[in-house]
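Comments concern the structure below.
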Amino acid sequence: MRFGISLALAVFLAGCGPQLAPELVTVEIEERLKSCAPEPSLPTEGVTHRGLMDAYWLPLREAGRDCRTTLDELVRALE
């Protein structure tokens, strides 16, 4: 019984020891990971359905893909 109490007391007191300060690590982030491709502007004149696809929706999709890829690389760099 005394051994169990002594062991429990030792475990509890070990948690009261000095706490180490967290180590700060400086991470250098490449410039290409600090921004994404810009969102295209919406065409306003003489737009056909096909023209809207070519001038807006496909570039918008590509900009989103670029941003997701950039963010994935940034997360991997920080791990």
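Order determines the names: the first chain of the structure tokens is A, the second B, and so forth; residues in each chain are numbered 1 upward, and ligands are numbered 1 upward as they are shown.
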
Task: chain A: residues DSSP assigns to helix (DSSP H, G or I), reported as a ChimeraX atom specification - done: /A:2-14,31-33,49-78

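Using only C-alpha atoms, the protein and nucleic acid residues lying no more than 12 Å from Leu33 of chain A, apart from those fewer than 5 places from it along its own chain, are A:Glu28, A:Asp66, A:Cys67, A:Arg68, A:Thr69, A:Thr70, A:Leu71, A:Asp72, A:Glu73, A:Leu74, A:Val75, A:Arg76, A:Ala77, A:Leu78.
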
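In terms of minimum interatomic distance to Pro40 of chain A, A:Ala63 ranks closest within A:Ala63, A:Leu20, A:Met53, A:Leu7, counting only C-alpha atoms.
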
Residue neighbourhood Ser41 of chain A, 12 Å, only C-alpha atoms, exclusion window fewer than 3 positions, as a compact mmCIF listing (two decimals) with C-alpha atoms, in the first residue's frame:
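part04.txt was written with the following content:
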```txt
# COMPACT_ATOMS: atom_id res chain seq x y z
CA PRO A 38 -4.93 36.33 -59.71
CA THR A 44 -18.54 42.65 -69.77
CA LEU A 52 -17.18 33.26 -71.26
CA ALA A 55 -12.08 34.18 -70.99
CA TYR A 56 -13.38 33.60 -67.45
CA TRP A 57 -14.35 30.13 -66.22
CA LEU A 58 -11.28 28.22 -67.40
CA PRO A 59 -8.81 30.86 -66.13
CA LEU A 60 -10.78 31.01 -62.85
CA ALA A 63 -6.26 30.22 -60.67
```

TODO: Please measure the separation of atom CA of Gln19 of chain A and atom CA of Phe3 of chain A, giving the value in Å to one decimal.
DONE: 27.1 Å

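Atom CA of His49 of chain A is positioned 22.3 Å from atom CA of Arg65 of chain A.
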